[in-house]
file entry-v4.cif (mmCIF, C-alpha atoms)
data_final
loop_
_atom_site.label_atom_id
_atom_site.label_comp_id
_atom_site.auth_asym_id
_atom_site.auth_seq_id
_atom_site.Cartn_x
_atom_site.Cartn_y
_atom_site.Cartn_z
CA MET F 26 16.30 22.40 -12.48
CA THR F 27 15.54 19.72 -9.88
CA VAL F 28 11.86 19.37 -9.05
CA THR F 29 11.04 18.41 -5.47
CA ASN F 30 8.27 16.10 -4.32
CA GLU F 31 6.71 19.07 -2.53
CA GLN F 32 6.53 21.05 -5.79
CA ILE F 33 4.92 18.11 -7.61
CA THR F 34 2.45 17.63 -4.77
CA ASP F 35 1.49 21.31 -4.66
CA TYR F 36 0.88 21.36 -8.41
CA LEU F 37 -1.22 18.18 -8.45
CA ILE F 38 -3.34 19.35 -5.53
CA SER F 39 -4.08 22.51 -7.51
CA VAL F 40 -5.24 20.64 -10.64
CA ALA F 41 -6.54 17.25 -9.43
CA PRO F 42 -10.19 16.47 -10.29
CA LYS F 43 -10.86 15.15 -6.77
CA GLN F 44 -9.41 15.44 -3.27
CA ILE F 45 -6.01 13.71 -3.19
CA GLU F 46 -5.42 11.07 -0.54
CA ALA F 47 -1.97 9.83 -1.61
CA ILE F 48 0.63 10.32 -4.33
CA PHE F 49 3.07 7.58 -5.32
CA GLN F 50 6.00 7.78 -7.69
CA THR F 51 6.09 5.08 -10.37
CA GLY F 52 8.13 4.25 -13.46
CA SER F 53 11.83 4.80 -13.98
CA ARG F 54 12.28 7.25 -11.13
CA LEU F 55 10.83 4.77 -8.66
CA ASN F 56 13.03 2.01 -10.05
CA GLY F 57 16.25 4.02 -9.91
CA LEU F 58 16.57 3.97 -13.72
CA ALA F 59 15.81 7.62 -14.53
CA VAL F 60 18.01 9.94 -16.57
CA ASP F 61 17.88 13.75 -16.74
CA ASP F 62 15.06 13.93 -19.30
CA THR F 63 12.92 11.17 -17.78
CA ASP F 64 9.27 12.14 -17.25
CA TYR F 65 7.68 11.98 -13.82
CA ASP F 66 5.30 9.02 -13.65
CA LEU F 67 2.86 9.27 -10.76
CA MET F 68 -0.07 7.36 -9.31
CA VAL F 69 -2.59 9.52 -7.46
CA ILE F 70 -5.21 8.02 -5.13
CA THR F 71 -8.23 10.28 -4.66
CA ARG F 72 -11.18 10.28 -2.28
CA PRO F 73 -14.25 8.85 -4.03
CA PHE F 74 -17.81 10.10 -4.08
CA VAL F 75 -19.32 6.93 -2.75
CA ASP F 76 -22.13 5.35 -0.80
CA PRO F 77 -20.17 3.60 1.99
CA ASN F 78 -22.59 0.66 1.79
CA ASP F 79 -22.01 0.11 -1.93
CA PHE F 80 -18.33 0.76 -2.60
CA VAL F 81 -17.48 -2.69 -4.01
CA SER F 82 -19.51 -2.19 -7.18
CA ASP F 83 -17.81 -1.46 -10.50
CA ARG F 84 -18.45 2.27 -10.43
CA ALA F 85 -14.89 3.27 -9.68
CA TYR F 86 -13.04 6.31 -10.93
CA SER F 87 -9.84 6.28 -12.96
CA LYS F 88 -8.28 8.78 -15.32
CA GLU F 89 -4.96 9.41 -17.05
CA ALA F 90 -3.55 12.89 -17.50
CA ARG F 91 -0.45 14.53 -18.91
CA TYR F 92 0.82 17.86 -17.63
CA LEU F 93 3.32 19.47 -19.99
CA PRO F 94 6.29 21.64 -18.95
CA GLU F 95 4.69 24.79 -20.37
CA ALA F 96 1.79 24.31 -17.92
CA THR F 97 3.75 23.15 -14.86
CA GLY F 98 6.95 25.14 -15.20
CA PHE F 99 8.89 21.91 -14.59
CA ALA F 100 11.60 20.71 -16.96
CA ASN F 101 9.93 17.33 -17.51
CA GLU F 102 6.39 16.18 -18.20
CA LEU F 103 4.14 14.76 -15.49
CA GLN F 104 2.30 11.60 -16.50
CA VAL F 105 -0.38 10.85 -13.92
CA LYS F 106 -2.77 7.97 -13.32
CA TYR F 107 -5.66 8.91 -11.05
CA TYR F 108 -7.49 6.17 -9.14
CA ASP F 109 -10.11 6.76 -6.50
CA ALA F 110 -9.90 4.68 -3.33
CA ARG F 111 -12.61 2.35 -4.63
CA LYS F 112 -10.44 1.57 -7.66
CA LEU F 113 -7.50 1.04 -5.30
CA TYR F 114 -9.52 -1.65 -3.50
CA GLN F 115 -10.45 -3.34 -6.79
CA LEU F 116 -6.85 -3.41 -8.02
CA ILE F 117 -5.61 -4.85 -4.72
CA ILE F 118 -8.25 -7.60 -4.76
CA LYS F 119 -7.15 -8.43 -8.32
CA SER F 120 -3.50 -8.51 -7.16
CA ASN F 121 -2.54 -5.97 -9.81
CA PRO F 122 1.29 -6.27 -9.99
CA ASN F 123 2.04 -2.59 -10.53
CA MET F 124 -0.31 -1.47 -7.76
CA LEU F 125 1.20 -3.96 -5.32
CA TYR F 126 4.74 -2.90 -6.17
CA VAL F 127 3.93 0.78 -5.66
CA LEU F 128 2.45 0.02 -2.23
CA TYR F 129 5.78 -1.49 -1.21
CA ARG F 130 7.27 1.99 -1.55
CA LYS F 131 6.39 4.98 0.59
CA PRO F 132 4.16 7.68 -0.96
CA ILE F 133 5.62 11.09 -1.67
CA TYR F 134 2.44 12.58 -0.19
CA LEU F 135 -0.23 11.36 2.21
CA ALA F 136 -3.26 13.46 3.18
CA LYS F 137 -3.28 14.60 6.79
CA ASN F 138 -6.51 13.14 8.05
CA ASP F 139 -7.15 10.22 10.38
CA GLU F 140 -9.02 7.93 8.00
CA THR F 141 -6.40 8.22 5.24
CA ALA F 142 -3.53 7.60 7.65
CA GLU F 143 -5.36 4.59 9.10
CA LEU F 144 -6.12 3.12 5.66
CA PHE F 145 -2.57 3.32 4.33
CA ASN F 146 -0.92 2.32 7.59
CA GLU F 147 -3.05 -0.83 7.61
CA LEU F 148 -2.18 -1.53 3.97
CA PHE F 149 1.54 -0.99 4.62
CA ASP F 150 1.35 -3.25 7.69
CA ASN F 151 -0.30 -6.02 5.66
CA LEU F 152 1.84 -6.10 2.51
CA GLU F 153 2.40 -9.86 2.70
CA LEU F 154 -1.37 -10.33 2.87
CA LEU F 155 -1.86 -8.07 -0.17
CA SER F 156 0.81 -9.92 -2.14
CA SER F 157 -0.70 -13.35 -1.59
CA ILE F 158 -4.43 -12.63 -1.78
CA ASN F 159 -4.97 -13.61 -5.43
CA LYS F 160 -1.95 -15.35 -6.94
CA THR F 161 -3.89 -16.68 -9.92
CA GLN F 162 -4.83 -13.22 -11.16
CA PHE F 163 -1.38 -11.92 -10.24
CA PHE F 164 0.32 -14.44 -12.52
CA ASN F 165 -2.28 -14.01 -15.26
CA ALA F 166 -1.67 -10.26 -15.19
CA LEU F 167 2.09 -10.77 -15.42
CA LYS F 168 1.71 -13.18 -18.33
CA GLY F 169 -0.66 -10.81 -20.12
CA GLN F 170 1.69 -7.85 -19.82
CA PHE F 171 4.64 -9.99 -20.76
CA ASN F 172 2.95 -11.42 -23.86
CA ARG F 173 2.03 -7.94 -25.07
CA GLN F 174 5.67 -6.93 -24.88
CA LYS F 175 6.81 -10.15 -26.52
CA ASN F 176 4.66 -9.38 -29.56
CA MET F 177 5.90 -5.81 -29.99
CA GLN F 178 8.40 -5.01 -32.73
CA PHE F 179 11.42 -2.87 -31.82
CA ALA F 180 13.82 -3.60 -34.67
CA ASP F 181 14.70 0.05 -35.31
CA ASN F 182 14.20 1.44 -31.83
CA PRO F 183 16.78 0.33 -29.22
CA LYS F 184 15.33 2.72 -26.64
CA ARG F 185 11.95 1.00 -26.78
CA TYR F 186 13.70 -2.36 -26.64
CA ASN F 187 15.51 -1.23 -23.50
CA LYS F 188 12.29 -0.13 -21.86
CA ALA F 189 10.46 -3.35 -22.75
CA LEU F 190 13.28 -5.55 -21.49
CA ILE F 191 13.49 -3.68 -18.21
CA GLN F 192 9.73 -4.07 -17.76
CA SER F 193 10.01 -7.76 -18.59
CA LEU F 194 12.75 -8.29 -16.02
CA LYS F 195 10.71 -6.39 -13.46
CA PHE F 196 7.74 -8.71 -14.04
CA LEU F 197 10.05 -11.69 -13.73
CA HIS F 198 11.35 -10.46 -10.37
CA TYR F 199 7.75 -10.05 -9.19
CA ALA F 200 6.90 -13.63 -10.08
CA GLU F 201 10.05 -15.10 -8.54
CA ASP F 202 9.53 -13.08 -5.36
CA LEU F 203 5.98 -14.26 -4.92
CA LEU F 204 6.81 -17.91 -5.48
CA VAL F 205 9.95 -18.04 -3.36
CA ALA F 206 9.14 -15.65 -0.51
CA ASP F 207 5.32 -15.35 -0.79
CA LYS F 208 5.75 -11.57 -0.94
CA LEU F 209 7.26 -8.89 -3.15
CA SER F 210 10.62 -7.40 -2.26
CA THR F 211 11.53 -3.73 -2.57
CA ILE F 212 14.02 -4.27 -5.37
CA ASP F 213 16.26 -1.33 -6.11
CA PHE F 214 16.74 -1.78 -9.83
CA ALA F 215 19.65 0.66 -9.79
CA ASP F 216 21.57 -2.11 -8.01
CA ASN F 217 20.60 -4.73 -10.59
CA GLN F 218 23.49 -5.02 -13.05
CA GLU F 219 21.41 -6.76 -15.71
CA MET F 220 18.96 -3.87 -15.80
CA MET F 221 21.63 -1.19 -15.65
CA ASP F 222 23.42 -2.76 -18.63
CA ILE F 223 20.19 -2.62 -20.62
CA LYS F 224 19.50 0.97 -19.56
CA GLN F 225 22.98 2.08 -20.60
CA HIS F 226 22.71 0.29 -23.99
CA LEU F 227 25.53 -2.10 -23.08
CA THR F 228 23.33 -5.05 -24.03
CA THR F 229 22.81 -5.12 -27.78
CA ASP F 230 21.63 -8.70 -28.26
CA TYR F 231 18.06 -7.73 -27.48
CA VAL F 232 16.37 -10.61 -29.29
CA ASN F 233 18.27 -13.38 -27.50
CA LEU F 234 17.94 -11.64 -24.15
CA SER F 235 14.20 -11.30 -24.70
CA LYS F 236 13.94 -14.99 -25.49
CA GLY F 237 15.90 -15.91 -22.38
CA VAL F 238 13.65 -13.81 -20.16
CA LEU F 239 10.55 -15.28 -21.78
CA VAL F 240 11.79 -18.80 -21.09
CA ARG F 241 12.28 -17.96 -17.42
CA LEU F 242 8.79 -16.51 -17.16
CA GLN F 243 7.26 -19.42 -19.06
CA LYS F 244 8.63 -21.83 -16.48
CA LEU F 245 7.15 -19.75 -13.70
CA SER F 246 3.80 -19.51 -15.47
CA GLN F 247 3.44 -23.30 -15.34
CA VAL F 248 3.49 -23.37 -11.54
CA ASP F 249 0.12 -24.12 -9.95
CA VAL F 250 -1.04 -21.30 -7.69
CA PRO F 251 -4.18 -21.19 -5.54
CA ALA F 252 -7.22 -19.08 -6.35
CA ILE F 253 -8.27 -16.09 -4.26
CA ASP F 254 -8.33 -16.71 -0.53
CA PRO F 255 -11.79 -15.70 0.85
CA GLU F 256 -10.46 -15.09 4.36
CA LYS F 257 -7.73 -12.79 3.09
CA GLU F 258 -10.23 -10.99 0.84
CA ALA F 259 -12.48 -10.42 3.87
CA GLN F 260 -9.57 -8.89 5.80
CA ILE F 261 -8.87 -6.41 3.00
CA LEU F 262 -12.57 -5.63 2.67
CA GLU F 263 -12.74 -4.81 6.37
CA ILE F 264 -9.83 -2.35 6.06
CA PHE F 265 -11.59 -0.49 3.25
CA VAL F 266 -15.04 -0.59 4.85
CA LYS F 267 -13.67 1.33 7.84
CA TYR F 268 -12.05 3.90 5.56
CA PHE F 269 -15.14 4.46 3.41
CA ARG F 270 -17.47 4.85 6.35
CA LYS F 271 -15.17 7.39 8.00
CA SER F 272 -14.41 9.29 4.78
CA ALA F 273 -18.13 9.46 3.89
CA GLY F 274 -18.81 10.91 7.33
CA ASN F 275 -16.09 13.54 6.84
CA GLY F 276 -16.80 14.10 3.16
#
call {"tool": "encode", "arguments": {"input": "entry-v4.cif", "output": "structure tokens"}}
result
Amino acid sequence: MTVTNEQITDYLISVAPKQIEAIFQTGSRLNGLAVDDTDYDLMVITRPFVDPNDFVSDRAYSKEARYLPEATGFANELQVKYYDARKLYQLIIKSNPNMLYVLYRKPIYLAKNDETAELFNELFDNLELLSSINKTQFFNALKGQFNRQKNMQFADNPKRYNKALIQSLKFLHYAEDLLVADKLSTIDFADNQEMMDIKQHLTTDYVNLSKGVLVRLQKLSQVDVPAIDPEKEAQILEIFVKYFRKSAGNG
């Protein structure tokens, strides 16, 4: 049974711990690499309970949740990461690669209120700014995720090898995009033959392929990139200040 975005949205609205502002698809389904039994990976942005004059502190909300088929009635599990809008701001300022990539895709749901529409429209209109705000942390995050995968052992689990290699290639595309074009592209991984070969188990030389990808990323990691740009950070801060003041007034 095919599950629609509307069905997923209706279910999450009924169970979410806070008011939902936006829902984004993530993971294999976003990347065009899903199969019939692939889970639904989702990122949910919620409205925070926040003093609009103090939203840049560390008191942000995040939570992970799994909703099983017996609870949802869907054929596949929902795996959800909840972030409140304050956490969204923090991840953007840190140039979190996965958050930036998700913002390059349209949400499957956006709350129908003026302040939410204004916030996300401004973010979508300033994607190049978001991509380039903190290249140092962006590349450090990519290297950290990549090194964790490099050190994992998959000798008896080709499926996990496939998943790790696809993630590694995705990180590599992020880094190359940012260096060459100063922004991320909306890569459709279903059109990327290298990734499709891995997904379909056509690539069996996992170890050598992993090494080759690591060499490519290592070269990129040696490139000097500037630290956070204060002017760009101030622009992003202004976007969120407007949202928090309006959302607090309508809370």
call {"tool": "residues_around", "arguments": {"input": "entry-v4.cif", "residues": "Thr63 in chain F", "least_positions_apart": "4", "cutoff": "9 Å", "atoms": "only C-alpha atoms", "output": "list in words"}}
result
Ser53, Arg54, Ala59, Asn101 and Glu102 of chain F
call {"tool": "resolve_selection", "arguments": {"input": "entry-v4.cif", "expression": "the PyMOL selection byres ((chain F and resi 114) around 10)", "output": "VMD selection string"}}
result
chain F and resid 80 to 81 85 108 to 113 115 to 120 261 to 262 264 to 265
call {"tool": "atom_distance", "arguments": {"input": "entry-v4.cif", "atom1": "CA of Ile191 in chain F", "atom2": "CA of Thr29 in chain F"}}
result
25.6 Å
call {"tool": "atom_distance", "arguments": {"input": "entry-v4.cif", "atom1": "CA of Val69 in chain F", "atom2": "CA of Asp139 in chain F"}}
result
18.4 Å
call {"tool": "residues_around", "arguments": {"input": "entry-v4.cif", "residues": "range 90-94 of chain F", "least_positions_apart": "3", "cutoff": "6 Å", "atoms": "all atoms listed in the file", "output": "count of residues only"}}
result
9
call {"tool": "atom_distance", "arguments": {"input": "entry-v4.cif", "atom1": "CA of Val240 in chain F", "atom2": "CA of Asn123 in chain F"}}
result
21.7 Å
call {"tool": "resolve_selection", "arguments": {"input": "entry-v4.cif", "expression": "the PyMOL selection byres ((chain F and resi 154) around 10)", "output": "number ranges by chain"}}
result
F: 148-153, 155-159, 207-208, 257-258, 260-261
call {"tool": "closest_residue", "arguments": {"input": "entry-v4.cif", "among": "F:Tyr199, F:Tyr268, F:Phe145, F:Tyr36", "to": "Leu128 in chain F", "atoms": "only C-alpha atoms"}}
result
F:Phe145
call {"tool": "resolve_selection", "arguments": {"input": "entry-v4.cif", "expression": "the PyMOL selection byres ((chain F and resi 34) around 12)", "output": "PyMOL selection string"}}
result
chain F and resi 28-33+35-41+45-50+65+67-69+97+103+105+132-136
call {"tool": "closest_residue", "arguments": {"input": "entry-v4.cif", "among": "F:Arg72, F:Ala252, F:Leu209, F:Ala259", "to": "Tyr129 in chain F", "atoms": "only C-alpha atoms"}}
result
F:Leu209
call {"tool": "axis_aligned_box", "arguments": {"input": "entry-v4.cif", "around": "range 47-66 of chain F", "padding_each_side": "4 Å", "output": "lines of an AutoDock Vina configuration file"}}
result
center_x = 8.0
center_y = 8.0
center_z = -10.5
size_x = 28.0
size_y = 19.9
size_z = 25.7
call {"tool": "residues_near_point", "arguments": {"input": "entry-v4.cif", "point": "(9.1, -11.6, -14.6)", "cutoff": "12 Å", "atoms": "only C-alpha atoms", "output": "PyMOL selection string"}}
result
chain F and resi 122+163-172+174+189-204+209+235+237-246
call {"tool": "write_last_selection", "arguments": {"input": "entry-v4.cif", "atoms": "C-alpha atoms", "output": "short mmCIF file (atom, residue, chain, number, x, y, z; two decimals), in the frame of the given file"}}
result
data_model
loop_
_atom_site.label_atom_id
_atom_site.label_comp_id
_atom_site.auth_asym_id
_atom_site.auth_seq_id
_atom_site.Cartn_x
_atom_site.Cartn_y
_atom_site.Cartn_z
CA PRO F 122 1.29 -6.27 -9.99
CA PHE F 163 -1.38 -11.92 -10.24
CA PHE F 164 0.32 -14.44 -12.52
CA ASN F 165 -2.28 -14.01 -15.26
CA ALA F 166 -1.67 -10.26 -15.19
CA LEU F 167 2.09 -10.77 -15.42
CA LYS F 168 1.71 -13.18 -18.33
CA GLY F 169 -0.66 -10.81 -20.12
CA GLN F 170 1.69 -7.85 -19.82
CA PHE F 171 4.64 -9.99 -20.76
CA ASN F 172 2.95 -11.42 -23.86
CA GLN F 174 5.67 -6.93 -24.88
CA ALA F 189 10.46 -3.35 -22.75
CA LEU F 190 13.28 -5.55 -21.49
CA ILE F 191 13.49 -3.68 -18.21
CA GLN F 192 9.73 -4.07 -17.76
CA SER F 193 10.01 -7.76 -18.59
CA LEU F 194 12.75 -8.29 -16.02
CA LYS F 195 10.71 -6.39 -13.46
CA PHE F 196 7.74 -8.71 -14.04
CA LEU F 197 10.05 -11.69 -13.73
CA HIS F 198 11.35 -10.46 -10.37
CA TYR F 199 7.75 -10.05 -9.19
CA ALA F 200 6.90 -13.63 -10.08
CA GLU F 201 10.05 -15.10 -8.54
CA ASP F 202 9.53 -13.08 -5.36
CA LEU F 203 5.98 -14.26 -4.92
CA LEU F 204 6.81 -17.91 -5.48
CA LEU F 209 7.26 -8.89 -3.15
CA SER F 235 14.20 -11.30 -24.70
CA GLY F 237 15.90 -15.91 -22.38
CA VAL F 238 13.65 -13.81 -20.16
CA LEU F 239 10.55 -15.28 -21.78
CA VAL F 240 11.79 -18.80 -21.09
CA ARG F 241 12.28 -17.96 -17.42
CA LEU F 242 8.79 -16.51 -17.16
CA GLN F 243 7.26 -19.42 -19.06
CA LYS F 244 8.63 -21.83 -16.48
CA LEU F 245 7.15 -19.75 -13.70
CA SER F 246 3.80 -19.51 -15.47
#
call {"tool": "closest_residue", "arguments": {"input": "entry-v4.cif", "among": "F:Arg173, F:Lys188, F:Lys160, F:Lys267", "to": "Asn121 in chain F", "atoms": "only C-alpha atoms"}}
result
F:Lys160
call {"tool": "decode", "arguments": {"input": "entry-v4.cif", "residues": "range 32-52 of chain F", "atoms": "N, CA and C atoms", "output": "CSV table (one decimal), in the first residue's frame"}}
result
chain,number,residue,atom,x,y,z
F,32,GLN,N,-1.0,11.5,4.3
F,32,GLN,CA,-1.3,10.6,5.4
F,32,GLN,C,-0.2,10.6,6.4
F,33,ILE,N,1.1,10.8,6.0
F,33,ILE,CA,2.2,10.9,6.9
F,33,ILE,C,2.0,12.2,7.8
F,34,THR,N,1.7,13.3,7.1
F,34,THR,CA,1.5,14.5,7.8
F,34,THR,C,0.4,14.5,8.8
F,35,ASP,N,-0.7,13.9,8.4
F,35,ASP,CA,-1.9,13.8,9.3
F,35,ASP,C,-1.5,13.0,10.6
F,36,TYR,N,-0.8,11.9,10.4
F,36,TYR,CA,-0.4,11.1,11.5
F,36,TYR,C,0.6,11.8,12.4
F,37,LEU,N,1.6,12.5,11.9
F,37,LEU,CA,2.6,13.2,12.7
F,37,LEU,C,2.0,14.3,13.4
F,38,ILE,N,1.0,15.0,12.8
F,38,ILE,CA,0.4,16.1,13.5
F,38,ILE,C,-0.4,15.6,14.7
F,39,SER,N,-0.9,14.4,14.6
F,39,SER,CA,-1.7,13.8,15.7
F,39,SER,C,-0.8,13.3,16.9
F,40,VAL,N,0.4,13.1,16.6
F,40,VAL,CA,1.3,12.5,17.7
F,40,VAL,C,2.5,13.4,18.1
F,41,ALA,N,2.7,14.4,17.3
F,41,ALA,CA,3.9,15.3,17.6
F,41,ALA,C,3.9,15.9,19.0
F,42,PRO,N,5.0,16.0,19.6
F,42,PRO,CA,5.1,16.6,21.0
F,42,PRO,C,4.9,18.1,21.0
F,43,LYS,N,5.0,18.8,19.9
F,43,LYS,CA,4.9,20.2,19.8
F,43,LYS,C,4.2,20.5,18.4
F,44,GLN,N,3.8,21.8,18.3
F,44,GLN,CA,3.1,22.2,17.0
F,44,GLN,C,4.1,22.1,15.9
F,45,ILE,N,3.7,21.5,14.8
F,45,ILE,CA,4.6,21.3,13.7
F,45,ILE,C,4.6,22.5,12.7
F,46,GLU,N,5.8,22.9,12.4
F,46,GLU,CA,5.9,24.0,11.4
F,46,GLU,C,6.3,23.5,10.0
F,47,ALA,N,7.1,22.4,9.9
F,47,ALA,CA,7.4,21.9,8.6
F,47,ALA,C,7.9,20.5,8.7
F,48,ILE,N,7.6,19.7,7.7
F,48,ILE,CA,8.1,18.3,7.6
F,48,ILE,C,8.8,18.1,6.3
F,49,PHE,N,10.0,17.6,6.5
F,49,PHE,CA,10.9,17.3,5.3
F,49,PHE,C,11.2,15.8,5.3
F,50,GLN,N,11.2,15.3,4.1
F,50,GLN,CA,11.6,13.9,3.8
F,50,GLN,C,13.1,13.8,3.8
F,51,THR,N,13.7,12.8,4.4
F,51,THR,CA,15.2,12.6,4.4
F,51,THR,C,15.5,11.2,3.9
F,52,GLY,N,16.8,10.8,4.0
F,52,GLY,CA,17.1,9.4,3.7
F,52,GLY,C,17.0,9.0,2.3
